[in-house]
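**Q** I am attaching a structure below and will ask some questions about it afterwards.
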Amino acid sequence: MSFFGFGPSADIEIVLDGQDSRKTAEIKTEDGKKEKHLLYYDGETVAGKVNVTMKKAGSKMEHQGIKIEFIGQIELYYDRGNHHEFTSLVKELARPGEITGNTSYGFEFQQVEKPYESYTGANVRLRYFLRVTIVKRLSDSVKEQDIIVHTLSQYPEMNSSIKMEVGIEDCLHIEFEYNKSKYHLKDVIVGKIYFLLVRIKIRYMELAIVRRETTGAGPNTYNENETIAKYEIMDGAPVRGESIPIRLFLSGYELTPTMRDINKKFSVRYYLNLVLVDE
Amino acid sequence: MPSTPQLSPQEEQEKLLEEGISIVKNQSFQMKRCLDKGKLMDGLKHASTMLGELRTSLLSPKSYYELYMAISDELRHLELYLCDEFQKGRKVADLYELVQYAGNIVPRLYLLITVGVVYIKSNELSRKDILKDLVEMCRGVQHPLRGLFLRNYLLTCTKNVLPDTEEELATNDYEYGTVMDSIDFILLNFSEMNKLWVRMQHQGHTRDRNKREQERRELRILVGTNLVRLSQLECIDMEKYKKVVLPAVLEQVVSCRDPIAQEYLMECIIQVFPDDFHLQTLNPFLKACAELHESVNVKNIIIALVDRLAQFAQNEEGSGIPPEIQLFDIFSDQISQVIQNRPDMPPEDIVALQVALINLALKCYPDKVDFVDKVLETTEDIFNRLNLDHLEYGSPVSKELMRLMKIPVDSYNNILTVLELSHFGPIFDYFDYQSRKLMCSYLINNVLENDTRIPTQDQVDNILNIVNVLVQDQSDQPAEPDDPEDFAEEQVLMGRFIHLLQAEDPNQQYLILNTARKHFGGGGDKRIKFTLPPIVFAAYRLAMRYKEAKEEDENWEKKCQKIFQFCHQTVGALIKADMAEMPLRLFLQGALTAGEIEFENHETVAYEFMSQAFSLYEDEISDSKAQLAAITLIIGTLEQMSCFGDENHEPLRTQCALAASKLLKKPDQCRGVCTCSHLFWSGRSASQEGELQDSKRVSDCLKKGVKIANQCMDSSVQVQLFVELLNHYIYYYEKGNDQVTIQVLNQLIAKIKETLPNLEANEETEQINKHFQNTVEHLKLRRDGSETEGPSYEELVL
């Protein structure tokens with residue numbers, strides 16, 4: 001904007017407290033690239049400094065006020081114009097006036113509620129960011145800084161195994177068992193498949209992890225299934241009585257926590273899909 | 001469009017393998033490069049891609065094996081690298097977890113095993129747990145070929161790291177495990193591999209069955225390696241083998257119900273575990289044998305075991321088979337159980353099992369004849385039960401049975417021990433004619449080769465009953481007679497055998513000869529000419545024995561009398577069979593023997609024998625040559641005898657002279673009377689001391705000879721006779737016969753000299769000439785010699 005020479009311009013920089021010591025996390029962007037940001041949890045204070053640096057030393061800049069916002073929002077890709085902000089906090093950093101030289105403003109959002117986990121999916125994105133706005137007469141100077149939020153959860157009180165008998169009549173009868181019904185992100189799925197009846201020639205068997213992302217509500221519900229992992233657990237045709245072990249480490253896959261009806265906008269669920277392929 | 005040439009299946013395989021190998025080479029090269037640069041993750045990725053080649057279903061077991069070998073070589077490189085890194089302290093955290101992200105199970109498990117072994121070698125984590133995890137995870141590969149090779153890789157990699165201690169090692173941070181963990185590990189791997197191997201049999205088209213079975217046989221070593229590994233664990237003692245290892249292995253073998261697997265694995269057990277283990281576990285092992293699939297050749301398995309134990313019993317000095325193990329009884333019981341369980345077992349296999357058993361008995365218990373007899377009894381029972389007899393010569397069961405019967409014969413090398421086997425003889429009845437004959441010849445040959453003397457009547461009776469087929473005609477013999485040469489050979493065998501019937505005690509010997517006579521007497525005309533003469537000779541020999549020991553037996557004379565009666569009658573049997581020359585000789589031999597023994601009545605007996613010889617000569621011998629030979633023999637015999645008084649000697653010698661002069665041909669007559677002349681010279685009579693030396697009668701005989709010679713038309717024969725006569729004359733001249741003068745000699749020489757040159761020159765003439773020259777030479781020596789004794793040759797004209 002400064003190309004047109006509307007007054008002097010300035011660089012805005014947001015420096016969060018403990019930037020060097022705080023944990024970071026990665027998240028995918030919409031276009032699939034990975035970004036690294038600082039990691040916050042629910043209730044943590046988000047504080048720091050905003051540095052405004054004049055591009056030309058000694059110049060002045062008039063403004064209508066400087067503010068910083070803390071925003072949590074859900075973006076539906078098919079509804080670009082509408083961002084659903086579920087959290088929006090504002091702090092005024094400076095009253096309208098004039099900046100002469102480089103200036104630094106401290107800010108602090110105390111014990112911010114961050115109810116949801118950052119997420120980038122196929123149709124939806126949930127993100128948290130800080131936005132500094134220098135209000136000017138013609139065009140505001142804006143600077144955004146993303147942070148990543150991980151939610152904490154407790155180990156479930158009940159975590160029974162999944163055990164089921166399925167089959168095709170007179171063809172195939174299997175019993176499978178996974179040791180838990182709820183897994184954490186670095187968990188290991190341990191289980192086994194027991195063949196009760198085999199009358200077809202099986203080539204192989206694999207276990208797939210499928211992520212189902214549901215967006216919208218009512219008639220406008222969109223479901224997006226994505227296979228996160230494909231894991232061959234058996235090669236060749238077993239006979240009756242064989243039991244095949246399963247052990248799948250989860251930490252290597254890009255999983256997120258299961259999300260149910262986040263702000264009435266979307267859900268993310270995970271399924272285990274057992275696939276048997278015959279000749 | 002260019003047509004692609006059709007590849008043969010073999011070329012197809014070669015091509016596929018070549019492609020696979022080239023990918024392996026390429027990937028392993030990249031893997032090593034990454035490892036050299038320290039890029040472990042990239043290295044693992046290449047390893048995984050390389051291992052992806054083992055996912056193929058297109059290769060035959062043989063090609064797959066080659067691919068597997070190429071890859072496992074490369075994996076060794078990875079393992080070494082990782083071990084090195086671990087040793088340098090550069091541990092890669094969670095490597096064991098990391099390799100499990102590989103999406104495909106086959107590469108994943110190969111990597112897991114490789115890394116698992118690295119962990120074990122660097123004492124990371126519990127060795128016991130890793131082993132258990134690896135062998136469990138391998139269940140994921142259910143494809144037989146791929147599974148077998150994967151598990152073989154597991155077995156190979158863990159070869160040197162299996163815990164082999166009784167107790168947990170206390171010093172370790174992690175659980176090291178004990179030999180029991182290793183046993184569990186191998187047993188599980190074994191049963192899984194066996195299941196995969198057996199499964200191959202049931203996959204694919206039935207028309208490929210032979211090919212499939214061939215392929216399975218090629219792979220069997222993979223399964224067997226598990227047993228080898230078990231046998232290499234030093235901490236497996238008898239107790240563990242008996243209680244843990246063997247029951248589990250047998251359980252798997254029996255329950256898989258697969259003939260190929262059962263046959264191979266049972267043999268494998270026998271071969272890989274030590275003999276003293278086998279000795280302690282015979283019952284369970286043999287019981288398992290009885291439960292095997294009916295098309296399994298149990299026979300081979302049991303025989304293999306027996307052979308091993310038999311060898312063990314012989315090799316081991318001192319220890320041998322522990323006395324508390326009733327090896328024979330166990331085998332005997334279990335084998336009969338096996339036979340009972342398998343009603344369809346071919347009889348030759350049943351017999352083969354008995355062969356094994358008898359070998360066992362002989363090698364482990366050489367003194368226990370009753371063990372061997374028990375085997376024979378069982379065999380007999382089986383044949384009875386199966387209603388088998390007249391086993392055809394050359395049939396498998398007949399061959400096996402022969403093998404069985406030859407074993408005691410060969411191993412005892414003593415027919416007398418064989419005779420102690422009460423069931424040996426009866427089994428002969430199950431053979432057909434030809435097999436029986438062969439077996440009997442074998443038996444008799446054995447007696448001859450070992451020069452075994454048969455010392456009692458019962459034993460003789462026993463043997464002759466067994467070899468009855470060589471003694472008498474059989475009800476089942478073929479209509480056409482045996483080949484005469486074979487027949488003669490086999491009867492000669494019997495003749496030789498008779499000479500081995502020898503008792504210490506002469507009375508027993510007499511009984512033996514009677515028994516033999518009874519058996520052989522029924523042999524028919526063709527056989528007795530081979531078998532009775534030896535009996536007669538044996539009898540003469542026996543009579544001589546009585547004479548030699550006459551002080552010990554006061555009844556010796558009566559016994560001799562009896563023996564000569566026995567002989568007389570035996571020779572009579574030969575005469576009845578239309579023989580003449582042989583009986584004649586036997587009579588003459590008898591006369592000689594009787595004459596020598598001088599028992600009461602011996603002169604009568606000798607005279608009787610001589611007269612029998614004469615009547616045979618007169619009645620039965622008509623051929624002129626045979627007549628000459630016979631009369632020569634008679635004369636020779638009489639000349640040797642001195643037992644006759646004049647009243648007997650006179651008629652005999654006169655009879656000889658008469659017979660000689662009555663020969664048909666002139667030359668025969670001539671020679672006959674010349675021979676006869678000696679009766680009057682050196683013959684002896686009991687009535688006077690010394691030789692007869694009847695010069696007159698001698699001279700008469702010779703003159704008669706000259707007369708007859710003169711009558712010969714053939715001048716060649718005539719000269720020959722003259723030369724012979726000259727020799728007789730010279731003999732008597734030298735002996736001092738006063739009727740023979742030097743003039744007679746001169747006359748004969750002159751006559752010969754005159755006739756000889758006129759003979760046609762031929763070989764015969766040559767011979768006559770030589771004979772004459774030699775004679776003349778002799779005379780010259782005499783004439784010119786310095787000897788003063790004997791008559792003078794001064795007047796001799798040469």
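Each chain of the structure tokens is named A, B, ... in the order shown, its residues numbered from 1; ligands are numbered from 1 in display order.
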Could you give me, as a tab-separated table, every chain B residue with an atom at most 7 Å from chain A, plus its closest atom pair and distance in Å to one decimal, counting only C-alpha atoms, rows ordered by chain then number?
**A**
residue	atom	partner	partner_atom	distance
B:Gly103	CA	A:Tyr231	CA	4.7
B:Asn104	CA	A:Glu232	CA	5.1
B:Ile105	CA	A:Glu232	CA	5.5
B:Met137	CA	A:Pro245	CA	6.2
B:Arg139	CA	A:Ile244	CA	5.8
B:Gly140	CA	A:Met234	CA	4.4
B:Val141	CA	A:Asp235	CA	4.7
B:Gln142	CA	A:Gly236	CA	4.7
B:His143	CA	A:Gly236	CA	3.9
**Q** Atoms to include: C-alpha atoms. Write the selected residues as a PDB file, in the first residue's frame.
**A**
ATOM      1  CA  GLY B 103       2.698 -51.048   4.885  1.00  0.00           C
ATOM      2  CA  ASN B 104       3.330 -54.455   3.370  1.00  0.00           C
ATOM      3  CA  ILE B 105       3.625 -57.307   5.713  1.00  0.00           C
ATOM      4  CA  MET B 137       3.999 -61.786  14.315  1.00  0.00           C
ATOM      5  CA  ARG B 139       1.592 -65.599  11.649  1.00  0.00           C
ATOM      6  CA  GLY B 140       0.612 -62.718   9.407  1.00  0.00           C
ATOM      7  CA  VAL B 141       2.141 -64.470   6.415  1.00  0.00           C
ATOM      8  CA  GLN B 142      -0.182 -67.301   5.556  1.00  0.00           C
ATOM      9  CA  HIS B 143       1.021 -67.817   2.031  1.00  0.00           C
TER      10      HIS B 143
END
**Q** Give me, as an mmCIF file with N, CA and C atoms, in the first residue's frame, all polymer residues having an atom no more than 8 Å from region 607-620 of chain B, counting only C-alpha atoms and skipping those fewer than 5 positions away in the same chain.
**A**
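Full text of result06.cif as output:
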data_model
loop_
_atom_site.group_PDB
_atom_site.id
_atom_site.type_symbol
_atom_site.label_atom_id
_atom_site.label_comp_id
_atom_site.auth_asym_id
_atom_site.auth_seq_id
_atom_site.Cartn_x
_atom_site.Cartn_y
_atom_site.Cartn_z
ATOM 1 N N HIS B 568 25.517 -152.884 1.677
ATOM 2 C CA HIS B 568 25.083 -153.838 0.661
ATOM 3 C C HIS B 568 23.706 -153.455 0.146
ATOM 4 N N ALA B 580 25.175 -149.509 -12.826
ATOM 5 C CA ALA B 580 26.030 -150.677 -12.759
ATOM 6 C C ALA B 580 27.444 -150.309 -12.353
ATOM 7 N N PRO B 583 27.704 -148.944 -8.632
ATOM 8 C CA PRO B 583 27.585 -150.001 -7.626
ATOM 9 C C PRO B 583 28.788 -150.952 -7.655
ATOM 10 N N LEU B 584 29.275 -151.214 -8.855
ATOM 11 C CA LEU B 584 30.432 -152.105 -8.963
ATOM 12 C C LEU B 584 31.616 -151.548 -8.185
ATOM 13 N N ARG B 585 31.857 -150.310 -8.396
ATOM 14 C CA ARG B 585 32.971 -149.673 -7.681
ATOM 15 C C ARG B 585 32.722 -149.698 -6.175
ATOM 16 N N PHE B 587 30.960 -151.797 -4.487
ATOM 17 C CA PHE B 587 31.173 -153.157 -3.978
ATOM 18 C C PHE B 587 32.653 -153.436 -3.796
ATOM 19 N N LEU B 588 33.426 -153.050 -4.828
ATOM 20 C CA LEU B 588 34.856 -153.306 -4.748
ATOM 21 C C LEU B 588 35.470 -152.578 -3.550
ATOM 22 N N GLY B 590 33.921 -151.734 -0.933
ATOM 23 C CA GLY B 590 33.423 -152.433 0.257
ATOM 24 C C GLY B 590 34.258 -153.669 0.539
ATOM 25 N N ALA B 591 34.546 -154.393 -0.543
ATOM 26 C CA ALA B 591 35.327 -155.610 -0.371
ATOM 27 C C ALA B 591 36.687 -155.271 0.211
ATOM 28 N N GLN B 627 33.612 -152.733 -19.993
ATOM 29 C CA GLN B 627 33.981 -154.069 -19.510
ATOM 30 C C GLN B 627 35.462 -154.122 -19.157
ATOM 31 N N ALA B 630 36.069 -152.215 -16.103
ATOM 32 C CA ALA B 630 35.528 -152.890 -14.930
ATOM 33 C C ALA B 630 36.428 -154.049 -14.521
ATOM 34 N N ILE B 631 36.836 -154.847 -15.481
ATOM 35 C CA ILE B 631 37.636 -156.026 -15.118
ATOM 36 C C ILE B 631 38.997 -155.588 -14.595
ATOM 37 N N ILE B 634 38.391 -154.727 -11.081
ATOM 38 C CA ILE B 634 38.201 -155.931 -10.254
ATOM 39 C C ILE B 634 39.555 -156.577 -9.981
ATOM 40 N N PHE B 644 41.567 -163.302 1.545
ATOM 41 C CA PHE B 644 40.962 -164.549 1.091
ATOM 42 C C PHE B 644 41.883 -165.741 1.277
ATOM 43 N N ASN B 648 38.862 -169.313 -1.582
ATOM 44 C CA ASN B 648 38.149 -168.180 -2.155
ATOM 45 C C ASN B 648 38.974 -167.462 -3.213
#
**Q** Which residues come within 10 Å of Ser88 (chain A), counting only C-alpha atoms, excluding same-chain residues fewer than 2 positions away, as a PDB file with all heavy atoms, in the first residue's frame?
**A**
ATOM      1  N   GLU A  69      -6.358  -8.497  18.400  1.00  0.00           N
ATOM      2  CA  GLU A  69      -7.511  -9.379  18.641  1.00  0.00           C
ATOM      3  C   GLU A  69      -6.991 -10.799  18.809  1.00  0.00           C
ATOM      4  O   GLU A  69      -6.015 -11.215  18.182  1.00  0.00           O
ATOM      5  CB  GLU A  69      -8.469  -9.353  17.452  1.00  0.00           C
ATOM      6  CG  GLU A  69      -9.171  -8.038  17.238  1.00  0.00           C
ATOM      7  CD  GLU A  69      -9.747  -7.971  15.846  1.00  0.00           C
ATOM      8  OE1 GLU A  69      -8.951  -7.763  14.893  1.00  0.00           O
ATOM      9  OE2 GLU A  69     -10.966  -8.180  15.707  1.00  0.00           O
ATOM     10  N   PHE A  70      -7.666 -11.571  19.624  1.00  0.00           N
ATOM     11  CA  PHE A  70      -7.425 -13.023  19.701  1.00  0.00           C
ATOM     12  C   PHE A  70      -8.669 -13.694  19.121  1.00  0.00           C
ATOM     13  O   PHE A  70      -9.770 -13.532  19.642  1.00  0.00           O
ATOM     14  CB  PHE A  70      -7.215 -13.460  21.152  1.00  0.00           C
ATOM     15  CG  PHE A  70      -6.998 -14.938  21.286  1.00  0.00           C
ATOM     16  CD1 PHE A  70      -5.715 -15.465  21.199  1.00  0.00           C
ATOM     17  CD2 PHE A  70      -8.071 -15.802  21.467  1.00  0.00           C
ATOM     18  CE1 PHE A  70      -5.518 -16.818  21.322  1.00  0.00           C
ATOM     19  CE2 PHE A  70      -7.874 -17.158  21.573  1.00  0.00           C
ATOM     20  CZ  PHE A  70      -6.587 -17.684  21.502  1.00  0.00           C
ATOM     21  N   ILE A  71      -8.494 -14.438  18.023  1.00  0.00           N
ATOM     22  CA  ILE A  71      -9.665 -14.972  17.329  1.00  0.00           C
ATOM     23  C   ILE A  71      -9.561 -16.478  17.191  1.00  0.00           C
ATOM     24  O   ILE A  71      -8.509 -17.027  16.844  1.00  0.00           O
ATOM     25  CB  ILE A  71      -9.807 -14.345  15.925  1.00  0.00           C
ATOM     26  CG1 ILE A  71     -10.053 -12.853  16.077  1.00  0.00           C
ATOM     27  CG2 ILE A  71     -10.930 -15.005  15.122  1.00  0.00           C
ATOM     28  CD1 ILE A  71      -9.850 -12.073  14.820  1.00  0.00           C
ATOM     29  N   GLY A  72     -10.671 -17.170  17.481  1.00  0.00           N
ATOM     30  CA  GLY A  72     -10.786 -18.587  17.139  1.00  0.00           C
ATOM     31  C   GLY A  72     -11.911 -18.704  16.144  1.00  0.00           C
ATOM     32  O   GLY A  72     -13.012 -18.247  16.421  1.00  0.00           O
ATOM     33  N   GLN A  73     -11.622 -19.308  14.983  1.00  0.00           N
ATOM     34  CA  GLN A  73     -12.691 -19.329  13.982  1.00  0.00           C
ATOM     35  C   GLN A  73     -12.728 -20.631  13.202  1.00  0.00           C
ATOM     36  O   GLN A  73     -11.750 -21.371  13.096  1.00  0.00           O
ATOM     37  CB  GLN A  73     -12.564 -18.150  13.037  1.00  0.00           C
ATOM     38  CG  GLN A  73     -11.424 -18.274  12.057  1.00  0.00           C
ATOM     39  CD  GLN A  73     -11.349 -17.082  11.103  1.00  0.00           C
ATOM     40  OE1 GLN A  73     -11.890 -16.009  11.407  1.00  0.00           O
ATOM     41  NE2 GLN A  73     -10.694 -17.259   9.979  1.00  0.00           N
ATOM     42  N   GLU A  85     -16.680 -17.111  13.930  1.00  0.00           N
ATOM     43  CA  GLU A  85     -15.783 -16.881  15.048  1.00  0.00           C
ATOM     44  C   GLU A  85     -16.450 -17.370  16.319  1.00  0.00           C
ATOM     45  O   GLU A  85     -17.561 -16.986  16.630  1.00  0.00           O
ATOM     46  CB  GLU A  85     -15.452 -15.397  15.167  1.00  0.00           C
ATOM     47  CG  GLU A  85     -14.647 -14.897  13.986  1.00  0.00           C
ATOM     48  CD  GLU A  85     -14.216 -13.441  14.152  1.00  0.00           C
ATOM     49  OE1 GLU A  85     -14.624 -12.806  15.133  1.00  0.00           O
ATOM     50  OE2 GLU A  85     -13.457 -12.976  13.273  1.00  0.00           O
ATOM     51  N   PHE A  86     -15.766 -18.257  17.000  1.00  0.00           N
ATOM     52  CA  PHE A  86     -16.354 -18.712  18.260  1.00  0.00           C
ATOM     53  C   PHE A  86     -15.675 -18.045  19.457  1.00  0.00           C
ATOM     54  O   PHE A  86     -16.135 -18.111  20.550  1.00  0.00           O
ATOM     55  CB  PHE A  86     -16.310 -20.246  18.391  1.00  0.00           C
ATOM     56  CG  PHE A  86     -14.939 -20.838  18.181  1.00  0.00           C
ATOM     57  CD1 PHE A  86     -14.063 -20.960  19.260  1.00  0.00           C
ATOM     58  CD2 PHE A  86     -14.528 -21.247  16.924  1.00  0.00           C
ATOM     59  CE1 PHE A  86     -12.805 -21.489  19.055  1.00  0.00           C
ATOM     60  CE2 PHE A  86     -13.273 -21.778  16.734  1.00  0.00           C
ATOM     61  CZ  PHE A  86     -12.386 -21.913  17.802  1.00  0.00           C
ATOM     62  N   VAL A  90     -10.581  -8.572  22.151  1.00  0.00           N
ATOM     63  CA  VAL A  90      -9.873  -7.410  21.612  1.00  0.00           C
ATOM     64  C   VAL A  90      -9.177  -6.675  22.761  1.00  0.00           C
ATOM     65  O   VAL A  90      -9.713  -6.550  23.863  1.00  0.00           O
ATOM     66  CB  VAL A  90     -10.864  -6.428  20.947  1.00  0.00           C
ATOM     67  CG1 VAL A  90     -10.096  -5.347  20.194  1.00  0.00           C
ATOM     68  CG2 VAL A  90     -11.788  -7.165  20.018  1.00  0.00           C
ATOM     69  N   TYR A 128      -6.756 -20.687  15.297  1.00  0.00           N
ATOM     70  CA  TYR A 128      -6.635 -19.583  16.260  1.00  0.00           C
ATOM     71  C   TYR A 128      -5.548 -18.664  15.762  1.00  0.00           C
ATOM     72  O   TYR A 128      -4.533 -19.146  15.259  1.00  0.00           O
ATOM     73  CB  TYR A 128      -6.236 -20.112  17.636  1.00  0.00           C
ATOM     74  CG  TYR A 128      -7.276 -20.973  18.312  1.00  0.00           C
ATOM     75  CD1 TYR A 128      -7.317 -22.337  18.114  1.00  0.00           C
ATOM     76  CD2 TYR A 128      -8.206 -20.389  19.189  1.00  0.00           C
ATOM     77  CE1 TYR A 128      -8.244 -23.124  18.744  1.00  0.00           C
ATOM     78  CE2 TYR A 128      -9.151 -21.187  19.820  1.00  0.00           C
ATOM     79  CZ  TYR A 128      -9.165 -22.552  19.602  1.00  0.00           C
ATOM     80  OH  TYR A 128     -10.081 -23.328  20.222  1.00  0.00           O
ATOM     81  N   PHE A 129      -5.805 -17.373  15.885  1.00  0.00           N
ATOM     82  CA  PHE A 129      -4.728 -16.440  15.524  1.00  0.00           C
ATOM     83  C   PHE A 129      -4.873 -15.109  16.245  1.00  0.00           C
ATOM     84  O   PHE A 129      -5.927 -14.751  16.761  1.00  0.00           O
ATOM     85  CB  PHE A 129      -4.675 -16.239  14.015  1.00  0.00           C
ATOM     86  CG  PHE A 129      -5.935 -15.674  13.412  1.00  0.00           C
ATOM     87  CD1 PHE A 129      -6.071 -14.299  13.184  1.00  0.00           C
ATOM     88  CD2 PHE A 129      -7.000 -16.505  13.074  1.00  0.00           C
ATOM     89  CE1 PHE A 129      -7.210 -13.779  12.611  1.00  0.00           C
ATOM     90  CE2 PHE A 129      -8.141 -15.975  12.511  1.00  0.00           C
ATOM     91  CZ  PHE A 129      -8.260 -14.619  12.266  1.00  0.00           C
ATOM     92  N   LEU A 130      -3.773 -14.391  16.286  1.00  0.00           N
ATOM     93  CA  LEU A 130      -3.753 -13.031  16.835  1.00  0.00           C
ATOM     94  C   LEU A 130      -3.710 -12.078  15.659  1.00  0.00           C
ATOM     95  O   LEU A 130      -3.036 -12.355  14.653  1.00  0.00           O
ATOM     96  CB  LEU A 130      -2.506 -12.836  17.692  1.00  0.00           C
ATOM     97  CG  LEU A 130      -2.465 -13.614  19.010  1.00  0.00           C
ATOM     98  CD1 LEU A 130      -1.034 -13.708  19.490  1.00  0.00           C
ATOM     99  CD2 LEU A 130      -3.351 -12.951  20.054  1.00  0.00           C
TER     100      LEU A 130
END
**Q** Set the distance at 6 Å and use only C-alpha atoms: which residues neighbour region 158-162 of chain A once local chain neighbours fewer than 3 positions away are removed? I'd like the list as a ChimeraX atom specification.
**A** /A:177-181
**Q** So that I have them on file, write out the residues from the current selection with N, CA, C and O atoms, as an mmCIF file, in the first residue's frame.
**A**
data_model
loop_
_atom_site.group_PDB
_atom_site.id
_atom_site.type_symbol
_atom_site.label_atom_id
_atom_site.label_comp_id
_atom_site.auth_asym_id
_atom_site.auth_seq_id
_atom_site.Cartn_x
_atom_site.Cartn_y
_atom_site.Cartn_z
ATOM 1 N N GLU A 177 -10.887 -58.723 17.017
ATOM 2 C CA GLU A 177 -10.819 -58.112 18.331
ATOM 3 C C GLU A 177 -9.763 -57.024 18.305
ATOM 4 O O GLU A 177 -8.656 -57.239 17.834
ATOM 5 N N TYR A 178 -10.171 -55.810 18.732
ATOM 6 C CA TYR A 178 -9.191 -54.744 18.955
ATOM 7 C C TYR A 178 -9.164 -54.504 20.449
ATOM 8 O O TYR A 178 -10.222 -54.519 21.107
ATOM 9 N N ASN A 179 -7.995 -54.241 20.975
ATOM 10 C CA ASN A 179 -7.886 -54.219 22.433
ATOM 11 C C ASN A 179 -8.626 -53.059 23.085
ATOM 12 O O ASN A 179 -8.950 -53.094 24.244
ATOM 13 N N LYS A 180 -8.926 -51.961 22.322
ATOM 14 C CA LYS A 180 -9.610 -50.811 22.909
ATOM 15 C C LYS A 180 -10.633 -50.296 21.917
ATOM 16 O O LYS A 180 -10.597 -50.629 20.726
ATOM 17 N N SER A 181 -11.511 -49.455 22.433
ATOM 18 C CA SER A 181 -12.397 -48.766 21.502
ATOM 19 C C SER A 181 -11.980 -47.307 21.363
ATOM 20 O O SER A 181 -12.434 -46.603 20.481
#
**Q** Hey, what's within 10 Å of Asp17 (chain A) if we count only C-alpha atoms and toss same-chain stuff fewer than 6 positions away? As a ChimeraX atom specification, please?
**A** /A:45-49,106-108
**Q** Which residues are close to region 738-750 of chain B, i.e. within 6 Å by only C-alpha atoms, leaving aside same-chain residues fewer than 4 positions away? Reply as a ChimeraX atom specification.
**A** /B:695,733,797
**Q** Can you list, as a PyMOL selection string, every residue of region 123-184 of chain A that DSSP puts in strand (DSSP E)?
**A** chain A and resi 124-134+141-149+162-168+172-178
**Q** If you run DSSP on this backbone, which residues of region 281-331 of chain B come out as alpha helix (DSSP H), and could you give them as a ChimeraX atom specification?
**A** /B:282-290,298-315,327-331
